[in-house]
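Containing CSV, C-alpha atoms: input-v4.csv.
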```
chain,number,residue,atom,x,y,z
A,209,MET,CA,0.6,57.0,-33.3
A,210,ALA,CA,-0.7,55.7,-36.6
A,211,GLY,CA,-4.4,55.7,-37.4
A,212,THR,CA,-6.5,52.8,-38.6
A,213,THR,CA,-7.8,52.9,-42.2
A,214,LYS,CA,-11.5,53.3,-42.6
A,215,SER,CA,-13.4,51.0,-44.8
A,216,TYR,CA,-15.3,53.4,-47.2
A,217,ALA,CA,-16.0,51.4,-50.4
A,218,PRO,CA,-19.0,52.6,-52.3
A,219,THR,CA,-18.6,49.8,-54.9
A,220,GLU,CA,-19.6,47.4,-52.1
A,221,ILE,CA,-23.0,49.0,-51.8
A,222,ILE,CA,-25.4,46.4,-53.4
A,223,GLN,CA,-28.2,47.8,-55.5
A,224,GLY,CA,-29.9,46.4,-58.6
A,225,PRO,CA,-32.5,43.9,-59.8
A,226,GLY,CA,-32.1,40.2,-59.7
A,227,ASP,CA,-33.8,36.9,-60.8
A,228,LEU,CA,-35.3,34.1,-58.8
A,229,TRP,CA,-34.6,30.6,-59.9
A,230,PHE,CA,-35.6,27.0,-59.1
A,231,ILE,CA,-32.3,25.2,-59.4
A,232,GLY,CA,-32.8,21.7,-61.0
A,233,THR,CA,-29.6,20.3,-59.5
A,234,ALA,CA,-28.4,21.9,-56.4
A,235,PRO,CA,-24.7,22.7,-55.8
A,236,THR,CA,-22.8,19.9,-54.2
A,237,ASP,CA,-21.3,19.8,-50.8
A,238,ALA,CA,-17.8,19.9,-52.3
A,239,ASN,CA,-18.6,22.9,-54.5
A,240,VAL,CA,-21.1,25.0,-52.6
A,241,ARG,CA,-21.6,27.7,-55.3
A,242,LEU,CA,-23.7,27.7,-58.4
A,243,THR,CA,-22.0,27.3,-61.7
A,244,LEU,CA,-23.0,30.3,-63.8
A,245,ALA,CA,-23.0,30.7,-67.6
A,246,SER,CA,-21.6,33.9,-69.2
A,247,ASP,CA,-24.9,35.7,-69.0
A,248,GLY,CA,-25.2,35.0,-65.2
A,249,THR,CA,-27.9,32.3,-65.6
A,250,PRO,CA,-27.4,28.8,-64.0
A,251,ASP,CA,-25.3,26.7,-66.3
A,252,SER,CA,-27.7,24.2,-67.8
A,253,THR,CA,-25.0,21.4,-67.9
A,254,ALA,CA,-24.1,21.8,-64.2
A,255,HIS,CA,-27.7,22.5,-63.1
A,256,PRO,CA,-30.1,20.8,-65.6
A,257,GLY,CA,-33.8,21.4,-65.1
A,258,SER,CA,-33.4,24.9,-63.7
A,259,VAL,CA,-36.5,27.1,-64.1
A,260,HIS,CA,-36.6,30.9,-64.1
A,261,LEU,CA,-39.5,32.0,-62.0
A,262,GLY,CA,-40.5,35.0,-64.1
A,263,ALA,CA,-40.8,38.7,-63.6
A,264,MET,CA,-40.7,40.2,-60.1
A,265,SER,CA,-42.7,43.3,-59.2
A,266,GLY,CA,-40.2,44.5,-56.6
A,267,ALA,CA,-37.2,43.6,-54.5
A,268,MET,CA,-36.3,40.0,-53.6
A,269,THR,CA,-35.0,39.6,-50.0
A,270,THR,CA,-32.8,36.8,-48.7
A,271,SER,CA,-32.7,36.8,-44.9
A,272,VAL,CA,-30.6,34.5,-42.6
A,273,LYS,CA,-31.5,35.0,-39.0
A,274,PRO,CA,-29.8,33.0,-36.2
A,275,LYS,CA,-31.6,32.7,-32.8
A,276,ILE,CA,-28.8,33.2,-30.3
A,277,ALA,CA,-29.5,31.8,-26.9
A,278,ALA,CA,-27.4,33.2,-24.0
A,279,ILE,CA,-25.8,31.0,-21.3
A,280,GLN,CA,-26.7,32.7,-18.1
A,281,LEU,CA,-25.4,31.7,-14.6
A,282,ASP,CA,-26.9,32.9,-11.4
A,283,GLN,CA,-23.6,34.1,-10.1
A,284,TYR,CA,-23.2,36.7,-12.8
A,285,ASP,CA,-25.3,39.6,-14.0
A,286,ALA,CA,-24.5,39.1,-17.7
A,287,PRO,CA,-24.3,36.1,-20.0
A,288,LEU,CA,-21.0,34.2,-20.0
A,289,ASP,CA,-21.4,32.7,-23.4
A,290,SER,CA,-24.0,31.9,-26.1
A,291,TYR,CA,-25.0,29.3,-28.7
A,292,VAL,CA,-27.0,29.0,-31.9
A,293,ALA,CA,-30.5,27.6,-31.0
A,294,GLU,CA,-32.1,27.9,-34.4
A,295,LEU,CA,-31.4,29.3,-37.9
A,296,ASP,CA,-34.1,30.8,-40.0
A,297,ALA,CA,-33.3,31.3,-43.7
A,298,LYS,CA,-35.8,32.6,-46.3
A,299,ILE,CA,-36.1,34.0,-49.8
A,300,GLU,CA,-39.1,36.4,-50.3
A,301,ALA,CA,-40.3,38.0,-53.5
A,302,GLU,CA,-43.4,39.5,-55.0
A,303,MET,CA,-44.1,37.6,-58.3
A,304,GLY,CA,-45.5,39.2,-61.4
A,305,GLN,CA,-46.4,36.2,-63.7
A,306,SER,CA,-49.5,34.2,-62.6
A,307,GLU,CA,-49.0,31.3,-65.0
A,308,SER,CA,-50.1,28.0,-63.6
A,309,SER,CA,-46.7,26.3,-63.3
A,310,LEU,CA,-45.3,29.4,-61.5
A,311,LEU,CA,-48.3,29.5,-59.1
A,312,GLN,CA,-47.6,25.8,-58.4
A,313,ARG,CA,-44.0,26.7,-57.4
A,314,ALA,CA,-45.2,29.5,-55.1
A,315,LEU,CA,-48.0,27.3,-53.6
A,316,GLY,CA,-45.6,24.3,-53.2
A,317,VAL,CA,-48.4,21.8,-52.5
A,318,GLY,CA,-50.2,22.2,-55.8
A,319,VAL,CA,-50.4,19.7,-58.6
A,320,TYR,CA,-49.6,21.1,-62.1
A,321,SER,CA,-50.8,19.6,-65.4
A,322,ALA,CA,-51.4,20.8,-68.9
A,323,GLY,CA,-53.2,19.7,-72.0
A,324,SER,CA,-54.6,20.9,-75.3
A,325,GLY,CA,-55.6,24.5,-74.8
A,326,TYR,CA,-55.2,24.7,-71.0
A,327,GLU,CA,-52.8,24.7,-68.0
A,328,GLN,CA,-54.0,24.0,-64.4
A,329,THR,CA,-52.9,23.7,-60.8
A,330,THR,CA,-55.1,21.9,-58.4
A,331,PHE,CA,-54.7,21.8,-54.6
A,332,GLY,CA,-56.0,20.0,-51.5
A,333,GLY,CA,-55.3,16.6,-50.1
A,334,VAL,CA,-51.5,16.3,-50.5
A,335,GLY,CA,-49.5,16.2,-47.2
A,336,THR,CA,-46.0,15.9,-48.7
A,337,VAL,CA,-44.2,19.2,-49.2
A,338,PRO,CA,-41.9,19.2,-52.3
A,339,LYS,CA,-38.3,20.4,-51.7
A,340,GLY,CA,-35.9,22.0,-54.1
A,341,CYS,CA,-33.0,24.5,-54.4
A,342,PHE,CA,-33.9,28.1,-54.9
A,343,ALA,CA,-31.5,31.0,-55.7
A,344,VAL,CA,-31.5,34.7,-56.3
A,345,ILE,CA,-28.9,35.9,-58.8
A,346,SER,CA,-28.2,39.7,-59.2
A,347,PRO,CA,-25.5,41.5,-61.2
A,348,THR,CA,-23.4,43.8,-59.1
A,349,ARG,CA,-23.9,47.5,-59.6
A,350,ALA,CA,-20.2,48.1,-60.4
A,351,ASN,CA,-19.8,45.3,-62.8
A,352,PRO,CA,-22.8,43.6,-64.6
A,353,ASN,CA,-20.7,40.6,-65.4
A,354,GLN,CA,-20.1,39.8,-61.7
A,355,TYR,CA,-22.9,38.6,-59.5
A,356,VAL,CA,-24.2,38.4,-55.9
A,357,VAL,CA,-25.9,35.1,-55.3
A,358,SER,CA,-27.9,33.6,-52.5
A,359,ALA,CA,-29.1,30.0,-52.5
A,360,LEU,CA,-31.1,27.7,-50.3
A,361,TYR,CA,-30.0,24.1,-51.0
A,362,LEU,CA,-33.2,22.5,-49.7
A,363,GLY,CA,-36.1,24.9,-49.7
A,364,VAL,CA,-39.8,24.6,-49.4
A,365,SER,CA,-42.5,27.1,-50.4
A,366,THR,CA,-44.3,28.5,-47.3
A,367,GLY,CA,-46.2,31.5,-48.7
A,368,GLY,CA,-49.0,30.2,-50.9
A,369,PHE,CA,-50.5,32.9,-53.1
A,370,SER,CA,-53.2,35.6,-53.1
A,371,LEU,CA,-54.4,37.0,-56.4
A,372,ALA,CA,-56.5,40.2,-56.6
A,373,LEU,CA,-58.2,40.0,-59.9
A,374,GLY,CA,-59.3,43.5,-60.7
A,375,ARG,CA,-59.1,46.5,-63.0
A,376,ALA,CA,-57.1,48.8,-60.7
A,377,LYS,CA,-53.8,46.9,-60.7
A,378,ALA,CA,-52.0,43.9,-61.8
A,379,ALA,CA,-52.6,40.5,-60.1
A,380,LEU,CA,-49.3,40.2,-58.1
A,381,TYR,CA,-48.6,37.8,-55.4
A,382,LYS,CA,-46.0,37.3,-52.7
A,383,ALA,CA,-44.0,34.1,-52.5
A,384,GLN,CA,-41.8,32.8,-49.7
A,385,PHE,CA,-39.3,30.0,-49.6
A,386,THR,CA,-37.8,28.6,-46.3
A,387,GLY,CA,-34.6,26.7,-46.1
A,388,LEU,CA,-34.2,23.3,-44.4
A,389,SER,CA,-31.1,21.7,-43.1
A,390,ASP,CA,-29.7,19.1,-45.4
A,391,LEU,CA,-28.1,16.6,-43.1
A,392,THR,CA,-26.1,15.0,-45.9
A,393,ARG,CA,-24.0,18.1,-46.1
A,394,THR,CA,-21.0,19.2,-44.0
A,395,VAL,CA,-21.7,21.0,-40.8
A,396,GLY,CA,-21.5,24.7,-41.5
A,397,LYS,CA,-23.0,24.6,-45.0
A,398,GLN,CA,-26.2,22.6,-44.5
A,399,VAL,CA,-28.7,25.3,-45.3
A,400,GLY,CA,-27.4,27.6,-48.0
A,401,VAL,CA,-24.8,30.1,-49.2
A,402,VAL,CA,-24.5,33.8,-49.9
A,403,TYR,CA,-21.5,34.9,-52.1
A,404,GLN,CA,-20.2,37.4,-54.6
A,405,THR,CA,-18.2,36.5,-57.7
A,406,LEU,CA,-15.0,38.5,-58.2
A,407,VAL,CA,-14.3,37.6,-61.8
A,408,ASN,CA,-16.5,38.0,-64.9
A,409,ALA,CA,-18.7,35.1,-65.7
A,410,SER,CA,-17.7,33.3,-68.9
A,411,GLY,CA,-18.4,30.2,-70.9
A,412,GLY,CA,-21.0,27.6,-69.9
A,413,THR,CA,-24.4,26.9,-71.3
A,414,PRO,CA,-27.1,29.5,-70.4
A,415,THR,CA,-30.5,28.7,-69.1
A,416,ALA,CA,-33.3,30.6,-70.8
A,417,LYS,CA,-35.2,33.2,-68.7
A,418,ASN,CA,-38.9,33.2,-68.6
A,419,PHE,CA,-40.2,36.8,-69.1
A,420,VAL,CA,-43.7,36.6,-70.5
A,421,VAL,CA,-45.6,39.9,-70.1
A,422,GLY,CA,-48.8,38.2,-71.2
A,423,GLN,CA,-48.7,36.1,-67.9
A,424,ILE,CA,-49.1,39.3,-65.9
A,425,TYR,CA,-52.9,39.5,-65.3
A,426,GLN,CA,-54.9,42.6,-64.8
A,427,GLY,CA,-58.6,43.3,-65.4
A,428,ALA,CA,-62.1,42.8,-63.9
A,429,ALA,CA,-63.2,39.4,-62.8
A,430,ASP,CA,-66.8,38.0,-62.4
A,431,LEU,CA,-67.9,35.9,-59.5
A,432,TRP,CA,-70.0,32.9,-60.2
A,433,LEU,CA,-71.9,30.2,-58.4
A,434,ILE,CA,-71.0,27.0,-60.3
A,435,SER,CA,-73.6,24.3,-60.4
A,436,PRO,CA,-73.1,21.5,-60.8
A,437,ALA,CA,-69.4,21.7,-59.7
A,438,PRO,CA,-66.6,20.4,-61.9
A,439,THR,CA,-66.2,16.6,-61.5
A,440,ASP,CA,-63.2,14.9,-60.0
A,441,GLY,CA,-62.4,13.4,-63.5
A,442,SER,CA,-62.7,16.9,-65.2
A,443,PRO,CA,-61.6,19.4,-62.5
A,444,LYS,CA,-61.8,22.6,-64.7
A,445,VAL,CA,-64.8,24.9,-65.0
A,446,THR,CA,-66.0,24.3,-68.5
A,447,LEU,CA,-66.4,27.7,-70.3
A,448,ASP,CA,-68.3,28.7,-73.4
A,449,ALA,CA,-65.6,29.8,-75.8
A,450,ALA,CA,-67.5,32.8,-77.1
A,451,THR,CA,-68.7,34.4,-73.8
A,452,LEU,CA,-66.1,33.0,-71.3
A,453,THR,CA,-69.0,32.1,-69.0
A,454,PRO,CA,-69.8,28.7,-67.4
A,455,ASP,CA,-71.0,26.4,-70.1
A,456,SER,CA,-74.8,25.9,-69.7
A,457,ALA,CA,-74.7,22.3,-70.8
A,458,THR,CA,-72.1,21.4,-68.2
A,459,HIS,CA,-73.0,23.8,-65.4
A,460,GLY,CA,-76.6,24.3,-66.1
A,461,ALA,CA,-77.7,25.8,-62.7
A,462,SER,CA,-74.8,28.3,-62.5
A,463,ALA,CA,-75.6,31.9,-61.4
A,464,HIS,CA,-73.7,35.2,-61.9
A,465,LEU,CA,-73.4,37.1,-58.6
A,466,GLY,CA,-73.4,40.5,-60.1
A,467,LEU,CA,-71.2,43.6,-60.2
A,468,THR,CA,-68.3,44.0,-57.8
A,469,GLN,CA,-66.8,46.9,-56.0
A,470,GLY,CA,-63.1,46.4,-56.7
A,471,ALA,CA,-61.2,43.2,-57.2
A,472,VAL,CA,-62.1,39.6,-56.6
A,473,THR,CA,-59.4,38.0,-54.4
A,474,PHE,CA,-58.5,34.3,-54.8
A,475,LYS,CA,-56.3,33.1,-52.0
A,476,VAL,CA,-54.7,29.7,-51.2
A,477,ALA,CA,-52.5,29.7,-48.0
A,478,PRO,CA,-51.0,26.5,-46.8
A,479,LYS,CA,-49.8,26.3,-43.2
A,480,ILE,CA,-46.4,24.5,-43.4
A,481,ASP,CA,-45.2,23.0,-40.1
A,482,PHE,CA,-41.6,22.0,-39.6
A,483,ILE,CA,-39.8,19.0,-38.0
A,484,LYS,CA,-36.9,20.3,-35.9
A,485,SER,CA,-34.2,18.1,-34.5
A,486,ASP,CA,-31.7,18.8,-31.9
A,487,GLN,CA,-28.8,17.9,-34.2
A,488,ALA,CA,-29.5,20.7,-36.7
A,489,ASP,CA,-30.0,24.5,-36.3
A,490,GLY,CA,-32.5,24.6,-39.2
A,491,PRO,CA,-35.7,22.4,-39.7
A,492,VAL,CA,-35.0,19.0,-41.2
A,493,ASP,CA,-38.3,18.4,-42.9
A,494,ALA,CA,-41.8,19.9,-43.4
A,495,TRP,CA,-45.4,18.9,-43.8
A,496,VAL,CA,-48.8,20.4,-44.6
A,497,ALA,CA,-50.7,21.1,-41.4
A,498,SER,CA,-53.6,22.8,-43.1
A,499,ILE,CA,-54.7,24.8,-46.2
A,500,ALA,CA,-56.9,27.9,-46.0
A,501,ALA,CA,-58.5,28.8,-49.3
A,502,SER,CA,-61.0,31.6,-50.0
A,503,ILE,CA,-62.7,33.8,-52.6
A,504,GLU,CA,-63.5,37.3,-51.4
A,505,ALA,CA,-65.2,40.3,-53.0
A,506,GLU,CA,-67.3,43.4,-52.3
A,507,MET,CA,-70.6,43.1,-54.1
A,508,GLN,CA,-72.9,45.9,-55.4
A,509,GLN,CA,-76.2,44.3,-56.4
A,510,SER,CA,-78.4,43.7,-53.3
A,511,ALA,CA,-81.2,41.7,-54.9
A,512,MET,CA,-82.7,39.3,-52.5
A,513,ASP,CA,-81.4,36.1,-54.2
A,514,LYS,CA,-77.8,37.5,-54.1
A,515,LEU,CA,-78.2,38.5,-50.4
A,516,ALA,CA,-79.4,35.0,-49.7
A,517,ARG,CA,-76.3,33.5,-51.2
A,518,ALA,CA,-74.2,36.0,-49.1
A,519,LEU,CA,-76.0,35.0,-46.0
A,520,GLY,CA,-75.6,31.3,-46.7
A,521,VAL,CA,-78.1,30.2,-44.0
A,522,GLY,CA,-81.1,32.0,-45.4
A,523,ASN,CA,-84.1,30.7,-47.4
A,524,TYR,CA,-84.8,32.6,-50.6
A,525,THR,CA,-88.3,32.6,-52.1
A,526,LEU,CA,-89.8,34.5,-55.0
A,527,SER,CA,-93.5,35.3,-55.7
A,528,ALA,CA,-93.6,36.6,-59.3
A,529,GLY,CA,-94.8,40.2,-59.4
A,530,ASN,CA,-95.3,40.4,-55.6
A,531,TYR,CA,-92.1,40.0,-53.6
A,532,ALA,CA,-88.7,38.4,-53.3
A,533,GLN,CA,-87.5,37.6,-49.8
A,534,CYS,CA,-84.9,35.9,-47.7
A,535,THR,CA,-85.9,34.5,-44.3
A,536,PHE,CA,-83.3,33.4,-41.8
A,537,GLY,CA,-83.0,31.8,-38.3
A,538,GLY,CA,-83.1,28.3,-37.1
A,539,THR,CA,-80.9,26.7,-39.8
A,540,ASN,CA,-78.0,24.7,-38.3
A,541,GLN,CA,-76.4,23.3,-41.5
A,542,PRO,CA,-75.1,25.9,-44.0
A,543,PRO,CA,-75.3,24.7,-47.6
A,544,ALA,CA,-72.0,24.0,-49.4
A,545,ILE,CA,-71.7,25.4,-52.9
A,546,CYS,CA,-69.0,25.8,-55.6
A,547,VAL,CA,-67.8,29.3,-56.6
A,548,ALA,CA,-65.4,30.6,-59.2
A,549,ALA,CA,-63.8,33.9,-60.2
A,550,ILE,CA,-63.5,34.1,-64.0
A,551,ALA,CA,-61.4,36.9,-65.7
A,552,PRO,CA,-60.5,37.4,-69.3
A,553,LYS,CA,-56.8,37.6,-70.0
A,554,ARG,CA,-55.4,41.1,-70.3
A,555,THR,CA,-53.5,40.4,-73.5
A,556,ASP,CA,-56.0,38.1,-75.1
A,557,THR,CA,-59.7,38.7,-74.1
A,558,THR,CA,-60.8,35.6,-76.0
A,559,LYS,CA,-59.2,33.5,-73.2
A,560,ALA,CA,-59.8,33.4,-69.5
A,561,VAL,CA,-58.2,32.5,-66.2
A,562,VAL,CA,-60.3,30.8,-63.5
A,563,GLY,CA,-59.9,30.4,-59.8
A,564,CYS,CA,-62.5,27.9,-58.4
A,565,LEU,CA,-63.2,26.4,-55.0
A,566,TYR,CA,-65.3,23.2,-55.2
A,567,ARG,CA,-66.9,23.3,-51.8
A,568,VAL,CA,-67.4,26.5,-49.8
A,569,ASN,CA,-69.6,28.1,-47.2
A,570,ALA,CA,-70.5,31.8,-47.1
A,571,ALA,CA,-68.8,33.3,-44.0
A,572,ASP,CA,-69.4,37.0,-43.9
A,573,GLY,CA,-73.2,37.2,-43.8
A,574,LEU,CA,-75.1,40.1,-45.4
A,575,SER,CA,-75.3,43.8,-44.8
A,576,TRP,CA,-77.8,46.3,-46.3
A,577,THR,CA,-77.2,50.0,-45.9
A,578,ALA,CA,-79.9,52.7,-46.4
A,579,SER,CA,-78.1,55.9,-47.1
A,580,ARG,CA,-78.3,58.9,-49.4
A,581,SER,CA,-74.5,59.4,-49.4
A,582,LYS,CA,-73.1,56.0,-50.3
A,583,LEU,CA,-74.0,52.8,-52.2
A,584,SER,CA,-75.2,49.8,-50.3
A,585,THR,CA,-72.5,47.2,-50.9
A,586,TYR,CA,-71.8,44.0,-49.0
A,587,LYS,CA,-68.7,41.8,-48.6
A,588,LEU,CA,-68.7,38.2,-49.7
A,589,LEU,CA,-66.3,35.7,-48.2
A,590,PHE,CA,-66.4,32.1,-49.3
A,591,ASN,CA,-64.1,29.7,-47.2
A,592,GLY,CA,-63.0,26.5,-48.9
A,593,GLN,CA,-63.6,23.1,-47.5
A,594,VAL,CA,-62.2,19.6,-48.4
A,595,ASP,CA,-64.4,17.5,-50.7
A,596,VAL,CA,-63.5,14.0,-49.5
A,597,THR,CA,-65.0,12.4,-52.6
A,598,ARG,CA,-62.2,13.8,-54.8
A,599,THR,CA,-58.7,12.6,-55.6
A,600,ALA,CA,-55.8,13.7,-53.3
A,601,GLY,CA,-54.2,16.7,-54.9
A,602,ARG,CA,-57.5,18.2,-56.0
A,603,THR,CA,-59.8,18.0,-53.1
A,604,MET,CA,-60.2,21.8,-52.6
A,605,GLY,CA,-60.0,23.7,-55.9
A,606,ILE,CA,-58.2,24.7,-59.0
A,607,TRP,CA,-56.5,27.6,-60.9
A,608,HIS,CA,-56.7,27.1,-64.6
A,609,GLU,CA,-56.2,29.1,-67.7
A,610,MET,CA,-56.9,28.9,-71.4
A,611,VAL,CA,-53.7,28.9,-73.5
```
Can you give me the file's structure in the form of structure tokens?
Amino acid sequence: MAGTTKSYAPTEIIQGPGDLWFIGTAPTDANVRLTLASDGTPDSTAHPGSVHLGAMSGAMTTSVKPKIAAIQLDQYDAPLDSYVAELDAKIEAEMGQSESSLLQRALGVGVYSAGSGYEQTTFGGVGTVPKGCFAVISPTRANPNQYVVSALYLGVSTGGFSLALGRAKAALYKAQFTGLSDLTRTVGKQVGVVYQTLVNASGGTPTAKNFVVGQIYQGAADLWLISPAPTDGSPKVTLDAATLTPDSATHGASAHLGLTQGAVTFKVAPKIDFIKSDQADGPVDAWVASIAASIEAEMQQSAMDKLARALGVGNYTLSAGNYAQCTFGGTNQPPAICVAAIAPKRTDTTKAVVGCLYRVNAADGLSWTASRSKLSTYKLLFNGQVDVTRTAGRTMGIWHEMV
């Protein structure tokens, strides 16, 4: 008897870095693969408008998971057959560059704009979810001129972002893109493709990669109450160029909330719901069900005015030279305020990044600890609300940066 050959092929073990791309023009139904230039980037003639999504802090993962439903009959103790009930396809990555246009890609429902000396992404009030093609391109370990590629033809961002602005580590954020079924495509190739090239890439017109180390933010941030809040017509927090603090002429009643224990976290998390049709195994469309936005920090200074802001439903009073106090109880309507995290850029401390929520309530209350062994700190959590007086696309807040 003759044995059967085993399939030991170490060259087929995939290992190595990749790049995440927004593909300006998706592959066609007739030609399902990307056209690559000689350097492995999307060919700019075949895929104009493609954008490299910057440095990644770790692995990128493409997952395709079918939900297989069994056909079970009462006459038998095991399934007789099965069918595909759903198909879930995702690309997940941890992003390194927190530049406004890249954050807008990760958020999906943000509105990006730029002008003289600034870039910004606002959010809140937009129900339409932008769609696009996303792809991961990675050179093979055995031959760097050949590539493993995965692509979602019609993807939507479903992860939002969460940025921890602090001294201990860089402000990294996780992004997630989910594939929809493109019903204009042939059955069997409506969601995406995973493939490996077997010949060296050659020719074509490369698309530039976007590696900007200066867009990786790291460093301490300050938490501010901004008053009055930025207007709908001028949605940024106006900063004094010398101190990078809120401009007193524009935001005259602003207050610094003191020293922080660790990072200040700015988070925007949309909940994306999907429309599923019986004719497709993947979702066919998506919409914004809700957006949760927050600013969170652990504070160190327990002065009564700062504790009153943390409580949100207290009444602060000061008698010069006698006492400062915060009374509480009996208040039904918490005040809405505007807060912002402001941090100088790591590579240029004359410029700043700002995460601002226009209308928030304090949600965590206050805590004061009397102890010899540890500091009395308290956690601040500001949950964002919609400001219905503002224009759609900027009803909740903004991330902006000086450039």
request  = List the neighbours of range 307-309 of chain A out to 7 Å using all atoms listed in the file; skip same-chain residues closer than 4 positions along the sequence, and give me the result as a PyMOL selection string.
outcome  = chain A and resi 313+320+327-329+423+607-608
inquiry  = Counting only C-alpha atoms, which residue out of A:Ser581, A:Asn540, A:Thr405, A:Thr453 sits closest to Val561 in chain A?
reply    = A:Thr453
note = Shortest contact to Asp430 in chain A, candidates A:Tyr403, A:Phe474, A:Tyr361, A:Phe536, atoms counted all atoms listed in the file, goes to A:Phe474
Among listed residues A:Gln541, A:Ser265, A:Thr336, A:Ser370, nearest Leu311 in chain A (using all atoms listed in the file) =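 The answer is A:Ser370, which sits nearest to Leu311 in chain A.
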Using all atoms listed in the file, find each residue of range 321-437 of chain A with at least one atom at most 8 Å away from an atom of range 247-261 of chain A; report its shortest atom-to-atom pair and that distance in Å (one decimal), sort the rows by chain and rising residue number, and return the result as JSON lines.
```
{"residue": "A:Ile345", "atom": "CA", "partner": "A:Gly248", "partner_atom": "CA", "distance": 7.4}
{"residue": "A:Pro347", "atom": "CA", "partner": "A:Gly248", "partner_atom": "CA", "distance": 7.6}
{"residue": "A:Asn353", "atom": "CA", "partner": "A:Gly248", "partner_atom": "CA", "distance": 7.2}
{"residue": "A:Gln354", "atom": "CA", "partner": "A:Gly248", "partner_atom": "CA", "distance": 7.8}
{"residue": "A:Tyr355", "atom": "CA", "partner": "A:Gly248", "partner_atom": "CA", "distance": 7.1}
{"residue": "A:Ala409", "atom": "CA", "partner": "A:Gly248", "partner_atom": "CA", "distance": 6.5}
{"residue": "A:Ser410", "atom": "CA", "partner": "A:Asp247", "partner_atom": "CA", "distance": 7.6}
{"residue": "A:Gly412", "atom": "CA", "partner": "A:Asp251", "partner_atom": "CA", "distance": 5.7}
{"residue": "A:Thr413", "atom": "CA", "partner": "A:Asp251", "partner_atom": "CA", "distance": 5.1}
{"residue": "A:Pro414", "atom": "CA", "partner": "A:Asp251", "partner_atom": "CA", "distance": 5.3}
{"residue": "A:Thr415", "atom": "CA", "partner": "A:Ser252", "partner_atom": "CA", "distance": 5.5}
{"residue": "A:Ala416", "atom": "CA", "partner": "A:His260", "partner_atom": "CA", "distance": 7.5}
{"residue": "A:Lys417", "atom": "CA", "partner": "A:His260", "partner_atom": "CA", "distance": 5.3}
{"residue": "A:Asn418", "atom": "CA", "partner": "A:His260", "partner_atom": "CA", "distance": 5.6}
```
task = Point out the residue among A:Gly318, A:Pro491, A:Pro443, A:Gly368 with the least atom-to-atom distance to Leu295 in chain A, counting all atoms listed in the file.
result =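 Once distances to Leu295 in chain A are computed over all atoms listed in the file, the minimum belongs to A:Pro491.
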inquiry  = What's the separation between CA of Asp572 in chain A and CA of Thr439 in chain A, in Å to one decimal place?
reply    =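 Here the two named atoms are 27.1 Å from each other.
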task = Find the residue from A:Phe419, A:Tyr531, A:Tyr291, A:Phe230 that sits nearest to Leu360 in chain A; use all atoms listed in the file when measuring.
result = A:Phe230
Atom-to-atom span, CA of Pro478 in chain A and CA of Ala293 in chain A, Å =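 These two atoms are separated by 25.9 Å.
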ask   = What does the distance between CA of Phe385 in chain A and CA of Thr269 in chain A come to in Å, to one decimal place?
value =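 We find that CA of Phe385 in chain A and CA of Thr269 in chain A lie 10.5 Å from each other.
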query = Could you pull the residues within 9 Å of Ser584 in chain A, counting all atoms listed in the file, minus those fewer than 6 positions along the same chain, as a VMD selection string?
reply = chain A and resid 507 to 510 575 to 578
Residues from last step as file, C-alpha atoms, as an mmCIF file, keeping the file's coordinate frame:
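After the write, selection_14.cif holds the following:
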```cif
data_model
loop_
_atom_site.group_PDB
_atom_site.id
_atom_site.type_symbol
_atom_site.label_atom_id
_atom_site.label_comp_id
_atom_site.auth_asym_id
_atom_site.auth_seq_id
_atom_site.Cartn_x
_atom_site.Cartn_y
_atom_site.Cartn_z
ATOM 1 C CA MET A 507 -70.600 43.100 -54.100
ATOM 2 C CA GLN A 508 -72.900 45.900 -55.400
ATOM 3 C CA GLN A 509 -76.200 44.300 -56.400
ATOM 4 C CA SER A 510 -78.400 43.700 -53.300
ATOM 5 C CA SER A 575 -75.300 43.800 -44.800
ATOM 6 C CA TRP A 576 -77.800 46.300 -46.300
ATOM 7 C CA THR A 577 -77.200 50.000 -45.900
ATOM 8 C CA ALA A 578 -79.900 52.700 -46.400
#
```
Option closest in space to Leu574 in chain A, from A:Ala518, A:Thr555, A:His459, A:Val492 [counting all atoms listed in the file] =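 Once distances to Leu574 in chain A are computed over all atoms listed in the file, the minimum belongs to A:Ala518.
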request  = Identify, on the basis of all atoms listed in the file, every residue whose closest approach to Leu315 in chain A does not exceed 12 Å; exclude the query and any residue fewer than 2 positions from it along the same chain; express the result as a count of residues only.
outcome  = 44
request  = Mind checking which residues fall within 7 Å of Leu362 in chain A, counting only C-alpha atoms, ignoring those fewer than 4 positions away in the same chain, and posting them as a ChimeraX atom specification?
outcome  = /A:339-341,387-390,399
